[in-house]
Amino acid sequence: MAIRFQCPECGQSISVGEHMAGHRGACPNCRKQVIVPSQAPARPQGDGRRSSSLSDWLTFRRMVTPKIIQALFVICVILSILGMVLMIAMSVYDLYKAPREDKLSFVLMAVAAPFLAALAIMVARIYAEVLIVVFRINETLSDVLDELKSTPRQ
Ligand SMILES: [Zn+2]
């Protein structure tokens, strides 16, 4: 892979082979001695983002709310599953105590419990997605902005 860099003297774009990394050479345009960089200047990716995370946070470019929505969704899922287990346990418990003519309703309750839990999780999921999509748009726009800023202009 070739190394592309700009002459610090005249700004001429220079492309040389990788074996020239760190060596001196004459600029083909201005003939001044230049040192070939070891690599093309890398775009700041993870590091640049991490160092600016605080300012992102302070300027509301990174938001806490989506994290809270995610946490609430996880809590909703856990509560739904716990509720389902509890409902089945109570139905089975009542099934043994209930008089014969009432037994069917408790069987139905036990059977319905997983469906109710699934419904609760789906509702929570849709609600969370509707709330989170606004923040996702914001984050995506911020990322696009970062990309545009970090792309060197030719
Ligand atoms: Zn030059």
# chains A, B, ... in the order shown; residues from 1 in each chain; ligands from 1
$ residues_near_ligand --ligand "ligand 1" --cutoff "9 Å" --atoms "only C-alpha atoms and all ligand atoms" --output "list in words"
Gln6, Cys7, Pro8, Glu9, Cys10, Gly11, Gln12, Ser13, Ile14, Ala26, Cys27, Pro28, Asn29, Cys30, Arg31, Lys32, Gln33 and Val34 of chain A
$ residues_around --residues "Tyr93 in chain A" --least-positions-apart "3" --cutoff "12 Å" --atoms "only C-alpha atoms" --output "PyMOL selection string"
chain A and resi 86-90+96-98+103+106-107+109-110
$ write_last_selection --atoms "C-alpha atoms" --output "tab-separated table (two decimals), in the first residue's frame"
chain	number	residue	atom	x	y	z
A	86	LEU	CA	-45.98	-15.95	39.65
A	87	MET	CA	-49.28	-16.20	37.73
A	88	ILE	CA	-48.61	-19.80	36.74
A	89	ALA	CA	-47.55	-20.71	40.29
A	90	MET	CA	-50.68	-19.13	41.79
A	96	TYR	CA	-55.55	-27.91	43.72
A	97	LYS	CA	-57.63	-25.99	46.27
A	98	ALA	CA	-60.44	-24.87	43.99
A	103	LYS	CA	-60.70	-25.60	38.05
A	106	PHE	CA	-57.27	-21.58	36.75
A	107	VAL	CA	-56.08	-23.83	33.93
A	109	MET	CA	-55.05	-18.52	33.71
A	110	ALA	CA	-51.93	-20.70	33.68
$ atom_distance --atom1 "CA of Ser142 in chain A" --atom2 "CA of Val123 in chain A"
29.0 Å
$ select_by_dssp --residues "chain A" --states "alpha helix (DSSP H)" --output "ChimeraX atom specification"
/A:46-51,53-58,65-97,103-150
$ write_last_selection --atoms "C-alpha atoms" --output "PDB file, in the first residue's frame"
ATOM      1  CA  GLY A  46     -12.278   5.345  18.807  1.00  0.00           C
ATOM      2  CA  ASP A  47      -9.781   7.560  20.610  1.00  0.00           C
ATOM      3  CA  GLY A  48     -11.106  10.812  19.233  1.00  0.00           C
ATOM      4  CA  ARG A  49     -14.626   9.846  20.157  1.00  0.00           C
ATOM      5  CA  ARG A  50     -13.695   8.794  23.663  1.00  0.00           C
ATOM      6  CA  SER A  51     -11.823  11.990  24.441  1.00  0.00           C
ATOM      7  CA  SER A  53     -17.387  12.021  25.072  1.00  0.00           C
ATOM      8  CA  LEU A  54     -17.605  14.465  27.976  1.00  0.00           C
ATOM      9  CA  SER A  55     -18.162  17.443  25.704  1.00  0.00           C
ATOM     10  CA  ASP A  56     -20.631  15.343  23.703  1.00  0.00           C
ATOM     11  CA  TRP A  57     -22.457  14.696  26.944  1.00  0.00           C
ATOM     12  CA  LEU A  58     -22.364  18.315  28.067  1.00  0.00           C
ATOM     13  CA  THR A  65     -32.204   9.023  27.998  1.00  0.00           C
ATOM     14  CA  PRO A  66     -31.783   6.134  25.506  1.00  0.00           C
ATOM     15  CA  LYS A  67     -29.739   4.280  28.122  1.00  0.00           C
ATOM     16  CA  ILE A  68     -32.516   4.825  30.663  1.00  0.00           C
ATOM     17  CA  ILE A  69     -35.123   3.631  28.153  1.00  0.00           C
ATOM     18  CA  GLN A  70     -33.009   0.519  27.503  1.00  0.00           C
ATOM     19  CA  ALA A  71     -32.691  -0.134  31.227  1.00  0.00           C
ATOM     20  CA  LEU A  72     -36.449   0.347  31.723  1.00  0.00           C
ATOM     21  CA  PHE A  73     -37.132  -2.075  28.884  1.00  0.00           C
ATOM     22  CA  VAL A  74     -34.895  -4.725  30.473  1.00  0.00           C
ATOM     23  CA  ILE A  75     -36.711  -4.177  33.784  1.00  0.00           C
ATOM     24  CA  CYS A  76     -40.063  -4.556  31.970  1.00  0.00           C
ATOM     25  CA  VAL A  77     -38.922  -7.869  30.450  1.00  0.00           C
ATOM     26  CA  ILE A  78     -37.743  -9.174  33.830  1.00  0.00           C
ATOM     27  CA  LEU A  79     -40.983  -8.071  35.550  1.00  0.00           C
ATOM     28  CA  SER A  80     -43.084  -9.659  32.774  1.00  0.00           C
ATOM     29  CA  ILE A  81     -41.288 -12.983  33.162  1.00  0.00           C
ATOM     30  CA  LEU A  82     -41.521 -12.816  36.961  1.00  0.00           C
ATOM     31  CA  GLY A  83     -45.220 -11.960  36.671  1.00  0.00           C
ATOM     32  CA  MET A  84     -45.745 -14.900  34.328  1.00  0.00           C
ATOM     33  CA  VAL A  85     -44.003 -17.330  36.709  1.00  0.00           C
ATOM     34  CA  LEU A  86     -45.984 -15.947  39.650  1.00  0.00           C
ATOM     35  CA  MET A  87     -49.277 -16.198  37.733  1.00  0.00           C
ATOM     36  CA  ILE A  88     -48.613 -19.801  36.741  1.00  0.00           C
ATOM     37  CA  ALA A  89     -47.546 -20.713  40.285  1.00  0.00           C
ATOM     38  CA  MET A  90     -50.680 -19.131  41.786  1.00  0.00           C
ATOM     39  CA  SER A  91     -52.922 -20.766  39.184  1.00  0.00           C
ATOM     40  CA  VAL A  92     -51.448 -24.200  39.870  1.00  0.00           C
ATOM     41  CA  TYR A  93     -51.690 -23.624  43.615  1.00  0.00           C
ATOM     42  CA  ASP A  94     -55.338 -22.517  43.345  1.00  0.00           C
ATOM     43  CA  LEU A  95     -56.068 -25.359  40.944  1.00  0.00           C
ATOM     44  CA  TYR A  96     -55.553 -27.912  43.722  1.00  0.00           C
ATOM     45  CA  LYS A  97     -57.631 -25.990  46.269  1.00  0.00           C
ATOM     46  CA  LYS A 103     -60.704 -25.605  38.046  1.00  0.00           C
ATOM     47  CA  LEU A 104     -61.055 -24.668  34.348  1.00  0.00           C
ATOM     48  CA  SER A 105     -60.597 -20.944  35.013  1.00  0.00           C
ATOM     49  CA  PHE A 106     -57.275 -21.584  36.746  1.00  0.00           C
ATOM     50  CA  VAL A 107     -56.075 -23.831  33.931  1.00  0.00           C
ATOM     51  CA  LEU A 108     -56.941 -21.002  31.520  1.00  0.00           C
ATOM     52  CA  MET A 109     -55.050 -18.521  33.707  1.00  0.00           C
ATOM     53  CA  ALA A 110     -51.932 -20.702  33.677  1.00  0.00           C
ATOM     54  CA  VAL A 111     -52.157 -21.137  29.889  1.00  0.00           C
ATOM     55  CA  ALA A 112     -52.771 -17.413  29.321  1.00  0.00           C
ATOM     56  CA  ALA A 113     -49.844 -16.290  31.507  1.00  0.00           C
ATOM     57  CA  PRO A 114     -47.080 -16.733  28.872  1.00  0.00           C
ATOM     58  CA  PHE A 115     -49.191 -14.941  26.260  1.00  0.00           C
ATOM     59  CA  LEU A 116     -49.858 -12.046  28.624  1.00  0.00           C
ATOM     60  CA  ALA A 117     -46.129 -11.838  29.394  1.00  0.00           C
ATOM     61  CA  ALA A 118     -45.276 -11.881  25.678  1.00  0.00           C
ATOM     62  CA  LEU A 119     -47.879  -9.165  25.062  1.00  0.00           C
ATOM     63  CA  ALA A 120     -46.470  -7.027  27.884  1.00  0.00           C
ATOM     64  CA  ILE A 121     -42.935  -7.418  26.508  1.00  0.00           C
ATOM     65  CA  MET A 122     -44.102  -6.512  22.979  1.00  0.00           C
ATOM     66  CA  VAL A 123     -45.928  -3.406  24.209  1.00  0.00           C
ATOM     67  CA  ALA A 124     -42.880  -2.348  26.230  1.00  0.00           C
ATOM     68  CA  ARG A 125     -40.659  -3.028  23.224  1.00  0.00           C
ATOM     69  CA  ILE A 126     -42.769  -0.950  20.815  1.00  0.00           C
ATOM     70  CA  TYR A 127     -43.054   1.869  23.348  1.00  0.00           C
ATOM     71  CA  ALA A 128     -39.281   1.843  23.904  1.00  0.00           C
ATOM     72  CA  GLU A 129     -38.591   1.799  20.161  1.00  0.00           C
ATOM     73  CA  VAL A 130     -40.907   4.744  19.497  1.00  0.00           C
ATOM     74  CA  LEU A 131     -39.193   6.715  22.272  1.00  0.00           C
ATOM     75  CA  ILE A 132     -35.679   5.683  21.306  1.00  0.00           C
ATOM     76  CA  VAL A 133     -35.959   6.372  17.568  1.00  0.00           C
ATOM     77  CA  VAL A 134     -35.786  10.132  18.181  1.00  0.00           C
ATOM     78  CA  PHE A 135     -32.534   9.730  20.083  1.00  0.00           C
ATOM     79  CA  ARG A 136     -31.168   7.280  17.525  1.00  0.00           C
ATOM     80  CA  ILE A 137     -31.715   9.929  14.822  1.00  0.00           C
ATOM     81  CA  ASN A 138     -29.834  12.439  16.968  1.00  0.00           C
ATOM     82  CA  GLU A 139     -26.934  10.031  17.556  1.00  0.00           C
ATOM     83  CA  THR A 140     -26.754   9.050  13.891  1.00  0.00           C
ATOM     84  CA  LEU A 141     -26.648  12.712  12.854  1.00  0.00           C
ATOM     85  CA  SER A 142     -23.900  13.326  15.408  1.00  0.00           C
ATOM     86  CA  ASP A 143     -21.921  10.378  14.000  1.00  0.00           C
ATOM     87  CA  VAL A 144     -22.381  11.640  10.429  1.00  0.00           C
ATOM     88  CA  LEU A 145     -21.177  15.076  11.569  1.00  0.00           C
ATOM     89  CA  ASP A 146     -18.123  13.503  13.235  1.00  0.00           C
ATOM     90  CA  GLU A 147     -17.353  11.545  10.069  1.00  0.00           C
ATOM     91  CA  LEU A 148     -17.605  14.673   7.928  1.00  0.00           C
ATOM     92  CA  LYS A 149     -15.351  16.601  10.300  1.00  0.00           C
ATOM     93  CA  SER A 150     -12.704  13.898  10.532  1.00  0.00           C
TER      94      SER A 150
END
$ residues_around --residues "Met20 in chain A" --least-positions-apart "6" --cutoff "12 Å" --atoms "only C-alpha atoms" --output "JSON, numbers by chain"
{"A": [1, 2, 3, 4, 5, 14, 26, 34, 35, 36, 37, 38, 39]}
$ select_by_dssp --residues "range 12-144 of chain A" --states "strand (DSSP E or B)" --output "list in words"
Ser13, Ile14, Ser15, Val16, Arg24, Gly25, Ala26, Gln33, Val34 and Ile35 of chain A
$ write_last_selection --atoms "C-alpha atoms" --output "mmCIF file, in the first residue's frame"
data_model
loop_
_atom_site.group_PDB
_atom_site.id
_atom_site.type_symbol
_atom_site.label_atom_id
_atom_site.label_comp_id
_atom_site.auth_asym_id
_atom_site.auth_seq_id
_atom_site.Cartn_x
_atom_site.Cartn_y
_atom_site.Cartn_z
ATOM 1 C CA SER A 13 0.366 15.670 -2.683
ATOM 2 C CA ILE A 14 3.022 12.932 -2.723
ATOM 3 C CA SER A 15 2.528 9.196 -3.054
ATOM 4 C CA VAL A 16 5.417 6.823 -2.326
ATOM 5 C CA ARG A 24 14.087 11.348 3.593
ATOM 6 C CA GLY A 25 13.475 12.273 0.014
ATOM 7 C CA ALA A 26 13.209 15.230 -2.308
ATOM 8 C CA GLN A 33 13.994 17.434 1.575
ATOM 9 C CA VAL A 34 10.954 15.942 3.226
ATOM 10 C CA ILE A 35 10.559 13.027 5.626
#
